[in-house]
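Source file: start37.tsv (TSV, C-alpha atoms)
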chain	number	residue	atom	x	y	z
C	1	MET	CA	-106.34	5.56	160.63
C	2	LYS	CA	-102.81	5.83	159.28
C	3	ILE	CA	-100.30	2.99	159.30
C	4	LEU	CA	-96.64	3.46	158.43
C	5	VAL	CA	-94.82	0.25	157.43
C	6	THR	CA	-91.06	0.16	156.98
C	7	GLY	CA	-88.62	-2.37	155.56
C	8	PHE	CA	-84.88	-2.48	154.99
C	9	LYS	CA	-82.67	-2.56	151.95
C	10	PRO	CA	-80.40	-5.63	151.49
C	11	PHE	CA	-77.37	-5.81	153.78
C	12	LEU	CA	-74.30	-7.86	154.68
C	13	GLY	CA	-73.70	-8.84	151.07
C	14	GLU	CA	-77.25	-9.97	150.30
C	15	SER	CA	-78.85	-8.92	147.01
C	16	ILE	CA	-82.42	-8.98	148.39
C	17	ASN	CA	-84.18	-8.35	151.68
C	18	PRO	CA	-87.60	-9.95	152.22
C	19	SER	CA	-88.77	-6.95	154.28
C	20	GLU	CA	-88.29	-4.69	151.24
C	21	LEU	CA	-90.02	-7.17	148.92
C	22	ILE	CA	-93.02	-7.42	151.26
C	23	LEU	CA	-93.46	-3.64	151.12
C	24	ASN	CA	-93.48	-3.76	147.33
C	25	GLU	CA	-96.51	-6.08	147.46
C	26	ILE	CA	-98.81	-4.89	150.24
C	27	GLN	CA	-101.71	-2.83	148.94
C	28	HIS	CA	-103.78	-0.75	151.34
C	29	SER	CA	-105.01	2.79	150.94
C	30	ASN	CA	-104.24	3.72	154.55
C	31	ILE	CA	-100.64	2.45	154.47
C	32	GLN	CA	-97.55	4.52	153.85
C	33	ILE	CA	-94.40	2.55	153.12
C	34	LEU	CA	-90.79	3.49	153.70
C	35	ILE	CA	-87.60	1.60	152.78
C	36	LEU	CA	-84.73	2.27	155.17
C	37	PRO	CA	-80.98	1.81	154.84
C	38	VAL	CA	-79.36	-0.71	157.20
C	39	GLU	CA	-77.47	2.04	158.98
C	40	PHE	CA	-77.48	2.74	162.71
C	41	ASN	CA	-77.74	6.51	162.49
C	42	SER	CA	-79.68	7.28	159.33
C	43	ALA	CA	-82.40	4.59	159.72
C	44	PHE	CA	-83.71	6.29	162.85
C	45	GLN	CA	-83.29	9.81	161.44
C	46	ILE	CA	-85.28	8.96	158.31
C	47	LEU	CA	-88.07	7.17	160.20
C	48	ASN	CA	-88.20	9.85	162.88
C	49	THR	CA	-88.74	12.52	160.21
C	50	GLU	CA	-91.46	10.45	158.56
C	51	ILE	CA	-93.30	9.89	161.85
C	52	LYS	CA	-93.25	13.63	162.53
C	53	ASN	CA	-94.55	14.36	159.00
C	54	GLN	CA	-97.19	11.60	158.85
C	55	ASN	CA	-98.31	11.36	162.50
C	56	PRO	CA	-99.30	7.69	162.04
C	57	ASP	CA	-101.53	5.74	164.42
C	58	TYR	CA	-99.36	2.64	164.03
C	59	VAL	CA	-95.78	1.99	162.93
C	60	ILE	CA	-94.84	-1.51	161.78
C	61	MET	CA	-91.14	-2.03	161.16
C	62	LEU	CA	-90.12	-5.12	159.20
C	63	GLY	CA	-86.68	-6.68	159.09
C	64	GLN	CA	-84.91	-9.86	158.03
C	65	ALA	CA	-83.61	-12.26	160.68
C	66	SER	CA	-81.46	-15.18	159.59
C	67	GLY	CA	-82.24	-18.29	161.60
C	68	ARG	CA	-85.88	-17.46	162.36
C	69	LYS	CA	-88.37	-20.07	161.21
C	70	ASN	CA	-91.49	-17.97	161.93
C	71	ILE	CA	-92.60	-14.37	161.56
C	72	CYS	CA	-91.67	-12.88	164.94
C	73	PHE	CA	-93.49	-10.03	166.67
C	74	GLU	CA	-90.90	-8.37	168.87
C	75	LYS	CA	-92.46	-7.42	172.20
C	76	ILE	CA	-89.51	-5.40	173.51
C	77	GLY	CA	-86.62	-3.31	172.27
C	78	LEU	CA	-83.33	-3.89	174.09
C	79	ASN	CA	-81.13	-0.98	175.10
C	80	TRP	CA	-78.05	-2.72	173.75
C	81	ILE	CA	-75.80	-2.81	170.67
C	82	GLN	CA	-73.39	-5.65	170.08
C	83	SER	CA	-72.23	-6.63	166.62
C	84	ILE	CA	-68.99	-7.39	164.85
C	85	HIS	CA	-70.62	-6.44	161.54
C	86	PRO	CA	-70.46	-2.86	160.31
C	87	ASP	CA	-73.66	-1.35	158.97
C	88	GLU	CA	-74.05	-0.51	155.28
C	89	SER	CA	-72.28	2.85	155.76
C	90	GLY	CA	-69.24	1.01	157.16
C	91	PHE	CA	-69.90	2.08	160.76
C	92	THR	CA	-69.26	-0.44	163.53
C	93	PRO	CA	-70.73	0.74	166.84
C	94	ASN	CA	-69.16	0.27	170.24
C	95	VAL	CA	-70.66	-2.47	172.37
C	96	GLY	CA	-72.96	-1.00	175.00
C	97	ALA	CA	-76.18	0.80	175.77
C	98	ILE	CA	-78.01	2.61	172.98
C	99	GLN	CA	-79.15	5.33	175.41
C	100	ASN	CA	-77.48	5.54	178.83
C	101	ASP	CA	-80.43	7.31	180.44
C	102	GLN	CA	-82.96	4.62	179.48
C	103	PRO	CA	-83.84	1.23	181.02
C	104	LEU	CA	-82.41	-2.04	179.71
C	105	ALA	CA	-85.58	-2.70	177.69
C	106	LEU	CA	-88.74	-0.92	176.57
C	107	MET	CA	-92.03	-2.68	175.84
C	108	THR	CA	-94.25	-1.74	172.93
C	109	LYS	CA	-97.78	-0.34	173.25
C	110	PHE	CA	-98.68	-2.13	169.99
C	111	PRO	CA	-101.34	-4.85	170.58
C	112	VAL	CA	-98.85	-7.67	170.00
C	113	ASP	CA	-100.72	-10.38	171.94
C	114	GLU	CA	-104.06	-9.59	170.30
C	115	ILE	CA	-102.65	-9.51	166.73
C	116	TYR	CA	-100.58	-12.64	167.39
C	117	GLN	CA	-103.68	-14.53	168.59
C	118	LYS	CA	-105.70	-13.42	165.54
C	119	LEU	CA	-102.98	-14.54	163.15
C	120	LYS	CA	-102.32	-17.79	165.01
C	121	SER	CA	-106.05	-18.61	164.85
C	122	GLN	CA	-105.74	-18.26	161.06
C	123	ASN	CA	-102.83	-20.73	161.00
C	124	GLN	CA	-100.23	-18.09	160.20
C	125	PRO	CA	-96.58	-19.01	161.03
C	126	VAL	CA	-96.12	-16.39	163.76
C	127	GLU	CA	-94.62	-16.20	167.22
C	128	ILE	CA	-93.84	-13.65	169.89
C	129	SER	CA	-90.18	-12.88	170.47
C	130	PHE	CA	-88.41	-11.07	173.29
C	131	SER	CA	-85.17	-10.27	171.48
C	132	ALA	CA	-84.88	-8.17	168.35
C	133	GLY	CA	-81.14	-8.86	168.35
C	134	ALA	CA	-78.39	-6.30	168.88
C	135	TYR	CA	-77.92	-4.90	165.37
C	136	VAL	CA	-79.68	-2.17	163.35
C	137	CYS	CA	-83.21	-3.65	163.70
C	138	ASN	CA	-83.15	-3.54	167.48
C	139	ASP	CA	-81.35	-0.19	167.51
C	140	LEU	CA	-84.11	1.35	165.40
C	141	TYR	CA	-86.86	-0.28	167.44
C	142	PHE	CA	-85.45	0.85	170.77
C	143	LYS	CA	-84.95	4.42	169.57
C	144	ILE	CA	-88.54	4.60	168.27
C	145	LEU	CA	-89.92	3.15	171.54
C	146	SER	CA	-87.86	5.70	173.47
C	147	ALA	CA	-88.73	8.71	171.30
C	148	TYR	CA	-92.43	7.83	170.98
C	149	PRO	CA	-93.49	5.97	174.15
C	150	ASP	CA	-97.22	6.27	173.40
C	151	LEU	CA	-97.01	5.36	169.70
C	152	LYS	CA	-98.26	1.89	168.86
C	153	SER	CA	-95.11	0.66	167.12
C	154	VAL	CA	-93.79	-2.85	166.62
C	155	PHE	CA	-90.85	-4.57	165.00
C	156	ILE	CA	-91.57	-7.76	163.07
C	157	HIS	CA	-88.74	-10.05	162.00
C	158	VAL	CA	-89.27	-12.25	158.96
C	159	PRO	CA	-87.23	-15.32	157.96
C	160	LEU	CA	-84.92	-15.59	154.98
C	161	LEU	CA	-86.35	-16.40	151.57
C	162	PRO	CA	-85.48	-19.81	150.02
C	163	GLU	CA	-83.59	-18.05	147.22
C	164	GLN	CA	-81.22	-16.51	149.80
C	165	LEU	CA	-79.92	-19.96	150.76
C	166	GLN	CA	-77.15	-21.97	149.15
C	167	PRO	CA	-77.96	-25.67	148.44
C	168	ALA	CA	-76.21	-26.95	151.59
C	169	ASP	CA	-77.60	-24.19	153.82
C	170	THR	CA	-79.89	-25.60	156.51
C	171	ARG	CA	-81.17	-22.32	157.93
C	172	PRO	CA	-84.97	-21.98	157.92
C	173	SER	CA	-86.68	-19.99	155.19
C	174	MET	CA	-90.18	-18.98	154.17
C	175	LEU	CA	-91.92	-18.18	150.88
C	176	LEU	CA	-92.54	-14.51	150.18
C	177	ASP	CA	-96.28	-15.06	149.61
C	178	VAL	CA	-96.63	-16.50	153.11
C	179	MET	CA	-94.89	-13.46	154.62
C	180	ILE	CA	-97.00	-11.02	152.60
C	181	GLN	CA	-100.23	-12.71	153.68
C	182	ALA	CA	-99.28	-12.57	157.37
C	183	VAL	CA	-98.30	-8.89	157.22
C	184	GLU	CA	-101.49	-8.00	155.34
C	185	LEU	CA	-103.58	-9.88	157.91
C	186	ALA	CA	-101.79	-8.06	160.74
C	187	VAL	CA	-102.59	-4.72	159.07
C	188	GLU	CA	-106.22	-5.74	158.52
C	189	SER	CA	-106.47	-6.74	162.19
C	190	LEU	CA	-105.73	-3.16	163.22
C	191	LYS	CA	-108.90	-1.85	161.57
Write the structure described by the file as structure tokens, please.
Amino acid sequence: MKILVTGFKPFLGESINPSELILNEIQHSNIQILILPVEFNSAFQILNTEIKNQNPDYVIMLGQASGRKNICFEKIGLNWIQSIHPDESGFTPNVGAIQNDQPLALMTKFPVDEIYQKLKSQNQPVEISFSAGAYVCNDLYFKILSAYPDLKSVFIHVPLLPEQLQPADTRPSMLLDVMIQAVELAVESLK
């Protein structure tokens, strides 16, 4: 069984991205890791090439989501882009559908409910989410779900790290070790 796990480089002025740091720590012989740029066009192109080369059984995409208090398993990818922020290449997309010939949302074939229940039973800080946002994370997720409808792929959003917050910042955060443990347990649950 082959599992491909991706994370993103820092973006929007951040110096770190917890999704990248998680990938630096997970250790499994059957896992391939890939760090992606936070760019609408190249993130999909790079991952698409890797999927074709590796032919993985599962693809787990990790990304940072400010404001999330738990690790969120995204059940659907939305066919929508809407952001005032340019990506790391400076590109700001038009508001609208990602792919005009596709439905408003696509649901993953990844066993989200089963993995969520396993992690929840082990007191992991996880939840199921139905919105991966409208920025690069969701764009990548939707394009993968569209291009590979039978591939068991999932997007998982992780909270900010405490060191990403200023003293007066009240947004939720989570320790890196907690995130690493949850991701490793999710990977183990696939075996």
Hey, what's within 9 Å of Arg68 in chain C if we count only C-alpha atoms and toss same-chain stuff fewer than 5 positions away? As a ChimeraX atom specification, please?
-> /C:157-160,171-173
Could you check which of C:Phe73, C:Tyr148, C:Trp80, C:Tyr58 is closest to Glu127 in chain C, using only C-alpha atoms?
->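 The shortest atom-to-atom distance to Glu127 in chain C comes from C:Phe73.
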Test item: residues at most 10 Å from Ile84 in chain C, only C-alpha atoms, excluding those fewer than 5 positions along its chain, as a list in words =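 These residues fall inside the cut-off: Thr92, Pro93, Asn94, Val95 and Tyr135 of chain C.
Relative to CA of Pro86 in chain C, CA of Ser66 in chain C is found at 16.5 Å.
Compared by their closest atoms to Val126 in chain C, and using all atoms listed in the file, the residues C:Ser153, C:Ser89, C:Asn70, C:Gln164 rank with C:Asn70 nearest.
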Could you pull the residues within 8 Å of Glu39 in chain C, counting all atoms listed in the file, minus those fewer than 4 positions along the same chain, as number ranges by chain?
-> C: 43, 87-89, 91, 136
Find the residues near Ala182 in chain C: any atom within 8 Å, counting all atoms listed in the file, skip ones fewer than 6 places away on the same chain, and give them as a PyMOL selection string.
-> chain C and resi 119+124-125
Quick one: everything within 9 Å of Lys118 in chain C, counting all atoms listed in the file, minus sequence neighbours fewer than 6 positions away in the same chain. Send it as a PyMOL selection string.
-> chain C and resi 124+185-186+189
At what distance in Å, to one decimal, does CA of Gln117 in chain C lie from CA of Gln181 in chain C?
-> 15.4 Å
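Checking C:Asp150, C:Pro103, C:Leu4, C:Asn79 one by one against Asn55 in chain C, counting only C-alpha atoms, you find the shortest gap at C:Leu4.
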Measuring atom to atom with only C-alpha atoms, identify which of C:Gln27, C:Asn48, C:Thr108, C:Ser83 is nearest to Leu151 in chain C.
->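 Selected residue with least distance to Leu151 in chain C: C:Thr108.
Shortest atom-to-atom contact with Leu23 in chain C among C:Ile51, C:Ile180, C:Leu106, C:Ile115: C:Ile180, counting only C-alpha atoms.
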State, in Å with one decimal place, the distance from CA of Leu21 in chain C to CA of Phe8 in chain C.
-> 9.2 Å
In terms of the shortest atom-to-atom distance over all atoms listed in the file, which of C:Ile156, C:Met61, C:Ile22, C:Leu104 is closest to Leu36 in chain C?
-> C:Met61
Pull the closest atom pair for each residue of range 63-90 of chain C that gets at most 12 Å from range 142-145 of chain C, along with the distance in Å to one decimal, counting only C-alpha atoms, ordering rows by chain and then ascending residue number, as a Markdown table.
| residue | atom | partner | partner_atom | distance |
| --- | --- | --- | --- | --- |
| C:Glu74 | CA | C:Phe142 | CA | 10.9 |
| C:Lys75 | CA | C:Leu145 | CA | 10.9 |
| C:Ile76 | CA | C:Phe142 | CA | 7.9 |
| C:Gly77 | CA | C:Phe142 | CA | 4.6 |
| C:Leu78 | CA | C:Phe142 | CA | 6.2 |
| C:Asn79 | CA | C:Phe142 | CA | 6.4 |
| C:Trp80 | CA | C:Phe142 | CA | 8.7 |
| C:Ile81 | CA | C:Phe142 | CA | 10.3 |
Please give the centre and size of the box around range 59-69 of chain C (axis-aligned, containing every atom listed in the file, 6 Å added per side), with values in Å to one decimal and written as lines of an AutoDock Vina configuration file.
center_x = -88.6
center_y = -9.0
center_z = 160.5
size_x = 26.3
size_y = 34.1
size_z = 16.9
As a compact mmCIF listing (two decimals), in the coordinates of the input, the rebuilt range 164-188 of chain C with N, CA, C and O atoms:
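In the end it all went to rebuild_39.txt:
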# COMPACT_ATOMS: atom_id res chain seq x y z
N GLN C 164 -82.40 -17.07 149.13
CA GLN C 164 -81.22 -16.51 149.80
C GLN C 164 -80.28 -17.60 150.31
O GLN C 164 -79.20 -17.29 150.78
N LEU C 165 -80.71 -18.85 150.22
CA LEU C 165 -79.92 -19.96 150.76
C LEU C 165 -79.14 -20.69 149.68
O LEU C 165 -79.64 -20.89 148.57
N GLN C 166 -77.94 -21.10 150.02
CA GLN C 166 -77.15 -21.97 149.15
C GLN C 166 -77.68 -23.40 149.32
O GLN C 166 -78.32 -23.71 150.32
N PRO C 167 -77.41 -24.30 148.35
CA PRO C 167 -77.96 -25.67 148.44
C PRO C 167 -77.70 -26.39 149.75
O PRO C 167 -78.56 -27.11 150.24
N ALA C 168 -76.54 -26.23 150.35
CA ALA C 168 -76.21 -26.95 151.59
C ALA C 168 -76.64 -26.20 152.85
O ALA C 168 -76.45 -26.68 153.97
N ASP C 169 -77.22 -25.03 152.69
CA ASP C 169 -77.60 -24.19 153.82
C ASP C 169 -78.85 -24.76 154.49
O ASP C 169 -79.87 -24.98 153.85
N THR C 170 -78.78 -24.99 155.79
CA THR C 170 -79.89 -25.60 156.51
C THR C 170 -80.70 -24.60 157.34
O THR C 170 -81.58 -25.00 158.09
N ARG C 171 -80.39 -23.31 157.19
CA ARG C 171 -81.17 -22.32 157.93
C ARG C 171 -82.63 -22.33 157.45
O ARG C 171 -82.90 -22.59 156.28
N PRO C 172 -83.57 -22.01 158.34
CA PRO C 172 -84.97 -21.98 157.92
C PRO C 172 -85.23 -20.84 156.95
O PRO C 172 -84.53 -19.83 156.94
N SER C 173 -86.27 -21.03 156.13
CA SER C 173 -86.68 -19.99 155.19
C SER C 173 -88.19 -20.06 155.03
O SER C 173 -88.84 -20.99 155.49
N MET C 174 -88.74 -19.05 154.35
CA MET C 174 -90.18 -18.98 154.17
C MET C 174 -90.47 -18.32 152.82
O MET C 174 -89.74 -17.43 152.38
N LEU C 175 -91.52 -18.77 152.16
CA LEU C 175 -91.92 -18.18 150.88
C LEU C 175 -92.43 -16.76 151.07
O LEU C 175 -93.10 -16.46 152.06
N LEU C 176 -92.14 -15.91 150.10
CA LEU C 176 -92.54 -14.51 150.18
C LEU C 176 -94.05 -14.36 150.30
O LEU C 176 -94.54 -13.54 151.08
N ASP C 177 -94.81 -15.16 149.56
CA ASP C 177 -96.28 -15.06 149.61
C ASP C 177 -96.81 -15.30 151.01
O ASP C 177 -97.80 -14.67 151.42
N VAL C 178 -96.19 -16.20 151.74
CA VAL C 178 -96.63 -16.50 153.11
C VAL C 178 -96.38 -15.28 154.01
O VAL C 178 -97.24 -14.89 154.81
N MET C 179 -95.22 -14.66 153.83
CA MET C 179 -94.89 -13.46 154.62
C MET C 179 -95.85 -12.32 154.31
O MET C 179 -96.35 -11.63 155.21
N ILE C 180 -96.10 -12.10 153.02
CA ILE C 180 -97.00 -11.02 152.60
C ILE C 180 -98.38 -11.22 153.21
O ILE C 180 -98.98 -10.27 153.75
N GLN C 181 -98.90 -12.43 153.14
CA GLN C 181 -100.23 -12.71 153.68
C GLN C 181 -100.30 -12.40 155.17
O GLN C 181 -101.25 -11.78 155.65
N ALA C 182 -99.29 -12.81 155.93
CA ALA C 182 -99.28 -12.57 157.37
C ALA C 182 -99.23 -11.08 157.68
O ALA C 182 -99.95 -10.61 158.57
N VAL C 183 -98.40 -10.33 156.98
CA VAL C 183 -98.30 -8.89 157.22
C VAL C 183 -99.62 -8.21 156.86
O VAL C 183 -100.10 -7.34 157.59
N GLU C 184 -100.20 -8.60 155.73
CA GLU C 184 -101.49 -8.00 155.34
C GLU C 184 -102.58 -8.32 156.36
O GLU C 184 -103.40 -7.45 156.69
N LEU C 185 -102.60 -9.53 156.89
CA LEU C 185 -103.58 -9.88 157.91
C LEU C 185 -103.34 -9.09 159.20
O LEU C 185 -104.30 -8.67 159.86
N ALA C 186 -102.10 -8.86 159.55
CA ALA C 186 -101.79 -8.06 160.74
C ALA C 186 -102.31 -6.63 160.55
O ALA C 186 -102.92 -6.06 161.46
N VAL C 187 -102.10 -6.07 159.36
CA VAL C 187 -102.59 -4.72 159.07
C VAL C 187 -104.12 -4.68 159.12
O VAL C 187 -104.71 -3.79 159.74
N GLU C 188 -104.75 -5.67 158.51
CA GLU C 188 -106.22 -5.74 158.52
C GLU C 188 -106.76 -5.86 159.95
O GLU C 188 -107.82 -5.31 160.25
